[in-house]
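Containing PDB, C-alpha atoms: start35.pdb.
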MODEL        1
ATOM      1  CA  MET A 114      -4.903  20.076 -19.007  1.00  0.00           C
ATOM      2  CA  GLY A 115      -3.778  18.345 -15.809  1.00  0.00           C
ATOM      3  CA  LYS A 116      -0.977  20.860 -15.235  1.00  0.00           C
ATOM      4  CA  VAL A 117      -3.419  23.745 -15.641  1.00  0.00           C
ATOM      5  CA  ILE A 118      -5.788  22.262 -13.066  1.00  0.00           C
ATOM      6  CA  PHE A 119      -2.901  21.621 -10.643  1.00  0.00           C
ATOM      7  CA  HIS A 120      -1.679  25.244 -10.915  1.00  0.00           C
ATOM      8  CA  MET A 121      -5.211  26.599 -10.573  1.00  0.00           C
ATOM      9  CA  ALA A 122      -5.710  24.568  -7.394  1.00  0.00           C
ATOM     10  CA  SER A 123      -2.567  26.034  -5.860  1.00  0.00           C
ATOM     11  CA  ILE A 124      -3.524  29.644  -6.704  1.00  0.00           C
ATOM     12  CA  PHE A 125      -7.297  29.847  -6.184  1.00  0.00           C
ATOM     13  CA  PRO A 126      -9.513  28.760  -3.275  1.00  0.00           C
ATOM     14  CA  GLN A 127     -11.295  25.453  -3.814  1.00  0.00           C
ATOM     15  CA  SER A 128     -14.718  26.972  -4.648  1.00  0.00           C
ATOM     16  CA  VAL A 129     -13.225  29.259  -7.306  1.00  0.00           C
ATOM     17  CA  CYS A 130     -11.114  26.417  -8.670  1.00  0.00           C
ATOM     18  CA  THR A 131     -14.154  24.141  -8.952  1.00  0.00           C
ATOM     19  CA  THR A 132     -16.117  26.821 -10.784  1.00  0.00           C
ATOM     20  CA  LEU A 133     -13.268  27.445 -13.235  1.00  0.00           C
ATOM     21  CA  ILE A 134     -12.814  23.714 -13.909  1.00  0.00           C
ATOM     22  CA  LEU A 135     -16.534  23.318 -14.599  1.00  0.00           C
ATOM     23  CA  ALA A 136     -16.418  26.291 -16.973  1.00  0.00           C
ATOM     24  CA  LEU A 137     -13.452  24.765 -18.805  1.00  0.00           C
ATOM     25  CA  ILE A 138     -15.180  21.410 -19.140  1.00  0.00           C
ATOM     26  CA  ALA A 139     -18.441  22.985 -20.313  1.00  0.00           C
ATOM     27  CA  GLY A 140     -16.572  25.063 -22.889  1.00  0.00           C
ATOM     28  CA  CYS A 141     -14.812  22.069 -24.362  1.00  0.00           C
ATOM     29  CA  GLY A 142     -18.004  20.560 -25.816  1.00  0.00           C
ATOM     30  CA  GLY A 143     -17.389  22.137 -29.236  1.00  0.00           C
ATOM     31  CA  ASP A 144     -14.549  23.700 -31.110  1.00  0.00           C
ATOM     32  CA  MET A 145     -14.290  27.133 -29.470  1.00  0.00           C
ATOM     33  CA  GLY A 146     -11.607  28.207 -31.935  1.00  0.00           C
ATOM     34  CA  GLU A 147     -13.985  27.747 -34.859  1.00  0.00           C
ATOM     35  CA  ARG A 148     -16.379  30.399 -33.571  1.00  0.00           C
ATOM     36  CA  LEU A 149     -13.605  32.773 -32.490  1.00  0.00           C
ATOM     37  CA  GLN A 150     -11.724  32.474 -35.796  1.00  0.00           C
ATOM     38  CA  SER A 151     -14.777  32.590 -38.059  1.00  0.00           C
ATOM     39  CA  GLY A 152     -14.245  36.235 -38.989  1.00  0.00           C
ATOM     40  CA  ARG A 153     -17.705  37.075 -37.656  1.00  0.00           C
ATOM     41  CA  VAL A 154     -18.139  39.900 -35.180  1.00  0.00           C
ATOM     42  CA  LEU A 155     -19.514  38.489 -31.934  1.00  0.00           C
ATOM     43  CA  ALA A 156     -22.126  40.296 -29.855  1.00  0.00           C
ATOM     44  CA  LEU A 157     -20.940  41.081 -26.345  1.00  0.00           C
ATOM     45  CA  HIS A 158     -23.418  43.771 -25.252  1.00  0.00           C
ATOM     46  CA  GLY A 159     -26.648  43.197 -27.159  1.00  0.00           C
ATOM     47  CA  LEU A 160     -26.803  45.310 -30.307  1.00  0.00           C
ATOM     48  CA  GLN A 161     -23.765  47.415 -29.451  1.00  0.00           C
ATOM     49  CA  GLY A 162     -21.060  47.462 -32.082  1.00  0.00           C
ATOM     50  CA  ARG A 163     -20.593  48.140 -35.778  1.00  0.00           C
ATOM     51  CA  TRP A 164     -23.133  47.217 -38.478  1.00  0.00           C
ATOM     52  CA  VAL A 165     -22.738  47.504 -42.268  1.00  0.00           C
ATOM     53  CA  GLY A 166     -24.859  46.768 -45.304  1.00  0.00           C
ATOM     54  CA  PRO A 167     -26.559  48.019 -48.446  1.00  0.00           C
ATOM     55  CA  VAL A 168     -28.871  51.022 -48.577  1.00  0.00           C
ATOM     56  CA  VAL A 169     -31.026  50.363 -51.646  1.00  0.00           C
ATOM     57  CA  PRO A 170     -33.197  53.098 -53.207  1.00  0.00           C
ATOM     58  CA  GLN A 171     -36.794  52.069 -53.897  1.00  0.00           C
ATOM     59  CA  ASP A 172     -36.889  54.425 -56.913  1.00  0.00           C
ATOM     60  CA  LYS A 173     -34.019  54.795 -59.414  1.00  0.00           C
ATOM     61  CA  SER A 174     -34.317  58.601 -59.299  1.00  0.00           C
ATOM     62  CA  CYS A 175     -33.199  58.548 -55.625  1.00  0.00           C
ATOM     63  CA  GLY A 176     -29.596  57.653 -56.418  1.00  0.00           C
ATOM     64  CA  PRO A 177     -27.398  54.548 -56.491  1.00  0.00           C
ATOM     65  CA  VAL A 178     -27.074  51.768 -53.914  1.00  0.00           C
ATOM     66  CA  ALA A 179     -24.814  52.882 -51.055  1.00  0.00           C
ATOM     67  CA  GLN A 180     -22.984  51.090 -48.262  1.00  0.00           C
ATOM     68  CA  GLY A 181     -24.423  52.105 -44.883  1.00  0.00           C
ATOM     69  CA  LEU A 182     -22.479  52.087 -41.624  1.00  0.00           C
ATOM     70  CA  MET A 183     -24.077  52.105 -38.176  1.00  0.00           C
ATOM     71  CA  SER A 184     -22.389  52.291 -34.796  1.00  0.00           C
ATOM     72  CA  ILE A 185     -24.519  51.367 -31.797  1.00  0.00           C
ATOM     73  CA  GLY A 186     -23.360  52.399 -28.356  1.00  0.00           C
ATOM     74  CA  GLU A 187     -24.714  52.322 -24.841  1.00  0.00           C
ATOM     75  CA  LYS A 188     -27.044  55.305 -25.286  1.00  0.00           C
ATOM     76  CA  GLY A 189     -28.008  55.241 -28.965  1.00  0.00           C
ATOM     77  CA  PHE A 190     -26.763  54.925 -32.511  1.00  0.00           C
ATOM     78  CA  ALA A 191     -25.209  56.899 -35.349  1.00  0.00           C
ATOM     79  CA  PHE A 192     -26.090  55.795 -38.873  1.00  0.00           C
ATOM     80  CA  ASP A 193     -24.302  56.941 -42.035  1.00  0.00           C
ATOM     81  CA  PRO A 194     -26.546  55.665 -44.840  1.00  0.00           C
ATOM     82  CA  PHE A 195     -24.939  57.485 -47.788  1.00  0.00           C
ATOM     83  CA  GLU A 196     -21.185  56.984 -47.365  1.00  0.00           C
ATOM     84  CA  SER A 197     -20.182  60.020 -45.266  1.00  0.00           C
ATOM     85  CA  THR A 198     -22.669  62.646 -46.413  1.00  0.00           C
ATOM     86  CA  THR A 199     -25.299  62.313 -43.673  1.00  0.00           C
ATOM     87  CA  VAL A 200     -25.265  60.975 -40.116  1.00  0.00           C
ATOM     88  CA  ILE A 201     -28.559  60.140 -38.448  1.00  0.00           C
ATOM     89  CA  GLN A 202     -28.493  60.081 -34.630  1.00  0.00           C
ATOM     90  CA  GLY A 203     -31.049  57.937 -32.854  1.00  0.00           C
ATOM     91  CA  VAL A 204     -32.091  55.713 -29.974  1.00  0.00           C
ATOM     92  CA  VAL A 205     -32.433  51.973 -29.512  1.00  0.00           C
ATOM     93  CA  GLY A 206     -35.537  50.807 -27.663  1.00  0.00           C
ATOM     94  CA  LYS A 207     -35.528  47.876 -25.270  1.00  0.00           C
ATOM     95  CA  ASP A 208     -37.554  45.953 -27.861  1.00  0.00           C
ATOM     96  CA  GLY A 209     -34.765  46.298 -30.460  1.00  0.00           C
ATOM     97  CA  ARG A 210     -36.526  49.083 -32.353  1.00  0.00           C
ATOM     98  CA  LEU A 211     -34.239  51.815 -33.734  1.00  0.00           C
ATOM     99  CA  THR A 212     -35.480  55.318 -34.576  1.00  0.00           C
ATOM    100  CA  GLY A 213     -33.613  58.455 -35.479  1.00  0.00           C
ATOM    101  CA  ASP A 214     -33.668  61.561 -37.613  1.00  0.00           C
ATOM    102  CA  LEU A 215     -31.641  64.442 -38.916  1.00  0.00           C
ATOM    103  CA  ALA A 216     -32.981  67.894 -39.816  1.00  0.00           C
ATOM    104  CA  ARG A 217     -30.911  70.687 -41.316  1.00  0.00           C
ATOM    105  CA  LEU A 218     -31.197  73.699 -43.610  1.00  0.00           C
ATOM    106  CA  GLY A 219     -30.541  73.180 -47.297  1.00  0.00           C
ATOM    107  CA  PRO A 220     -28.715  75.569 -49.630  1.00  0.00           C
ATOM    108  CA  ASP A 221     -31.886  77.593 -50.314  1.00  0.00           C
ATOM    109  CA  HIS A 222     -32.803  77.714 -46.598  1.00  0.00           C
ATOM    110  CA  GLN A 223     -35.395  74.957 -46.969  1.00  0.00           C
ATOM    111  CA  ASN A 224     -35.740  72.330 -44.252  1.00  0.00           C
ATOM    112  CA  LEU A 225     -34.222  68.978 -45.168  1.00  0.00           C
ATOM    113  CA  SER A 226     -34.931  65.905 -43.087  1.00  0.00           C
ATOM    114  CA  VAL A 227     -33.799  62.296 -43.176  1.00  0.00           C
ATOM    115  CA  SER A 228     -35.179  59.628 -40.852  1.00  0.00           C
ATOM    116  CA  PHE A 229     -34.427  55.985 -40.100  1.00  0.00           C
ATOM    117  CA  GLU A 230     -36.683  53.355 -38.568  1.00  0.00           C
ATOM    118  CA  GLY A 231     -35.652  49.761 -38.158  1.00  0.00           C
ATOM    119  CA  SER A 232     -35.614  46.720 -35.947  1.00  0.00           C
ATOM    120  CA  ALA A 233     -33.162  44.020 -35.003  1.00  0.00           C
ATOM    121  CA  SER A 234     -33.875  40.360 -35.595  1.00  0.00           C
ATOM    122  CA  ALA A 235     -32.158  36.980 -35.601  1.00  0.00           C
ATOM    123  CA  ASP A 236     -32.959  34.088 -37.921  1.00  0.00           C
ATOM    124  CA  ARG A 237     -32.819  30.359 -37.233  1.00  0.00           C
ATOM    125  CA  SER A 238     -29.076  30.219 -37.845  1.00  0.00           C
ATOM    126  CA  ASP A 239     -28.512  32.921 -35.185  1.00  0.00           C
ATOM    127  CA  THR A 240     -27.578  35.475 -37.839  1.00  0.00           C
ATOM    128  CA  GLU A 241     -28.437  38.915 -36.531  1.00  0.00           C
ATOM    129  CA  ALA A 242     -29.638  41.691 -38.821  1.00  0.00           C
ATOM    130  CA  ILE A 243     -31.041  45.183 -38.593  1.00  0.00           C
ATOM    131  CA  GLU A 244     -33.676  45.839 -41.224  1.00  0.00           C
ATOM    132  CA  GLY A 245     -35.347  49.147 -41.786  1.00  0.00           C
ATOM    133  CA  ALA A 246     -35.952  52.124 -44.024  1.00  0.00           C
ATOM    134  CA  VAL A 247     -34.477  55.557 -44.601  1.00  0.00           C
ATOM    135  CA  VAL A 248     -36.920  58.259 -45.713  1.00  0.00           C
ATOM    136  CA  SER A 249     -36.189  61.727 -47.055  1.00  0.00           C
ATOM    137  CA  GLY A 250     -38.886  63.646 -48.893  1.00  0.00           C
ATOM    138  CA  ARG A 251     -40.295  61.418 -51.630  1.00  0.00           C
ATOM    139  CA  CYS A 252     -37.343  58.997 -51.524  1.00  0.00           C
ATOM    140  CA  HIS A 253     -37.274  55.720 -49.597  1.00  0.00           C
ATOM    141  CA  TRP A 254     -34.343  53.331 -49.151  1.00  0.00           C
ATOM    142  CA  LYS A 255     -34.409  49.769 -47.846  1.00  0.00           C
ATOM    143  CA  VAL A 256     -31.645  48.985 -45.337  1.00  0.00           C
ATOM    144  CA  THR A 257     -30.256  45.593 -44.292  1.00  0.00           C
ATOM    145  CA  LEU A 258     -27.292  45.680 -41.896  1.00  0.00           C
ATOM    146  CA  HIS A 259     -25.146  42.887 -40.473  1.00  0.00           C
ATOM    147  CA  ARG A 260     -22.348  42.950 -37.901  1.00  0.00           C
ATOM    148  CA  GLY A 261     -19.112  43.986 -39.458  1.00  0.00           C
TER     149      GLY A 261
ENDMDL
END
Same coordinates, now as structure tokens:
Amino acid sequence: MGKVIFHMASIFPQSVCTTLILALIAGCGGDMGERLQSGRVLALHGLQGRWVGPVVPQDKSCGPVAQGLMSIGEKGFAFDPFESTTVIQGVVGKDGRLTGDLARLGPDHQNLSVSFEGSASADRSDTEAIEGAVVSGRCHWKVTLHRG
């Protein structure tokens, strides 16, 4: 550690060097490697990133449980609730509320629509989740997504 501080002092101005040393000392309070090597996806820009989890039908006639995949970017999200058959585009509100829908023509020229509404939350252990529902016609699915 002493060699690092010596080299930093020779490269950076004193104010920058002091700031970097304080950051190093503050970061050494816990085991930083444990969090970085945990296998968990860390949030860098709020909700942005990849989310995965089960999409569970509320009625057995609405199909089997599927694995949903959501990608959240700077301007919105894309959610694939049924393993590559449908992609719902939507927006993320400043309050963490997510809403989106998809409308298209079916094989007999009828209108088909699928919508998603959800919200982001964190529990006491700092585990983030997006919980919501997918609705299409009479079918409803419960969605619980985690970073992945």
Exercise. What's the 10 Å shell around stretch 184-190 of chain A, counting only C-alpha atoms, without same-chain residues fewer than 5 positions away, as a PyMOL selection string?
Worked result: chain A and resi 158-165+200-206+211-213+260
Could you give me, as CSV, every stretch 166-200 of chain A residue with an atom at most 12 Å from stretch 222-245 of chain A, plus its closest atom pair and distance in Å to one decimal, counting only C-alpha atoms, rows ordered by chain then number?
residue,atom,partner,partner_atom,distance
A:Gly166,CA,A:Ile243,CA,9.3
A:Pro167,CA,A:Glu244,CA,10.4
A:Val168,CA,A:Gly245,CA,9.6
A:Val169,CA,A:Gly245,CA,10.8
A:Gly181,CA,A:Ile243,CA,11.5
A:Leu182,CA,A:Ile243,CA,11.4
A:Met183,CA,A:Ile243,CA,9.8
A:Ser184,CA,A:Ile243,CA,11.8
A:Ile185,CA,A:Ile243,CA,11.3
A:Phe190,CA,A:Phe229,CA,10.8
A:Ala191,CA,A:Phe229,CA,10.4
A:Phe192,CA,A:Phe229,CA,8.4
A:Asp193,CA,A:Phe229,CA,10.4
A:Pro194,CA,A:Phe229,CA,9.2
A:Phe195,CA,A:Val227,CA,11.1
A:Thr198,CA,A:Val227,CA,11.6
A:Thr199,CA,A:Val227,CA,8.5
A:Val200,CA,A:Val227,CA,9.2
For this session: Have a look at atom CA of A:Ser249 and atom CA of A:Gly261 and let me know their distance in Å, one decimal.
Result: 25.8 Å
Exercise. When distances are computed from all atoms listed in the file, which of A:Gln171, A:Asp208, A:Leu218, A:Gln180 shows the smallest separation from A:Thr257?
Worked result: A:Gln180
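In this structure, atom CA of A:Ala246 sits 13.3 Å away from atom CA of A:Val178.
Atom to atom, atom CA of A:Asp221 and atom CA of A:Ser197 stand 21.7 Å apart.
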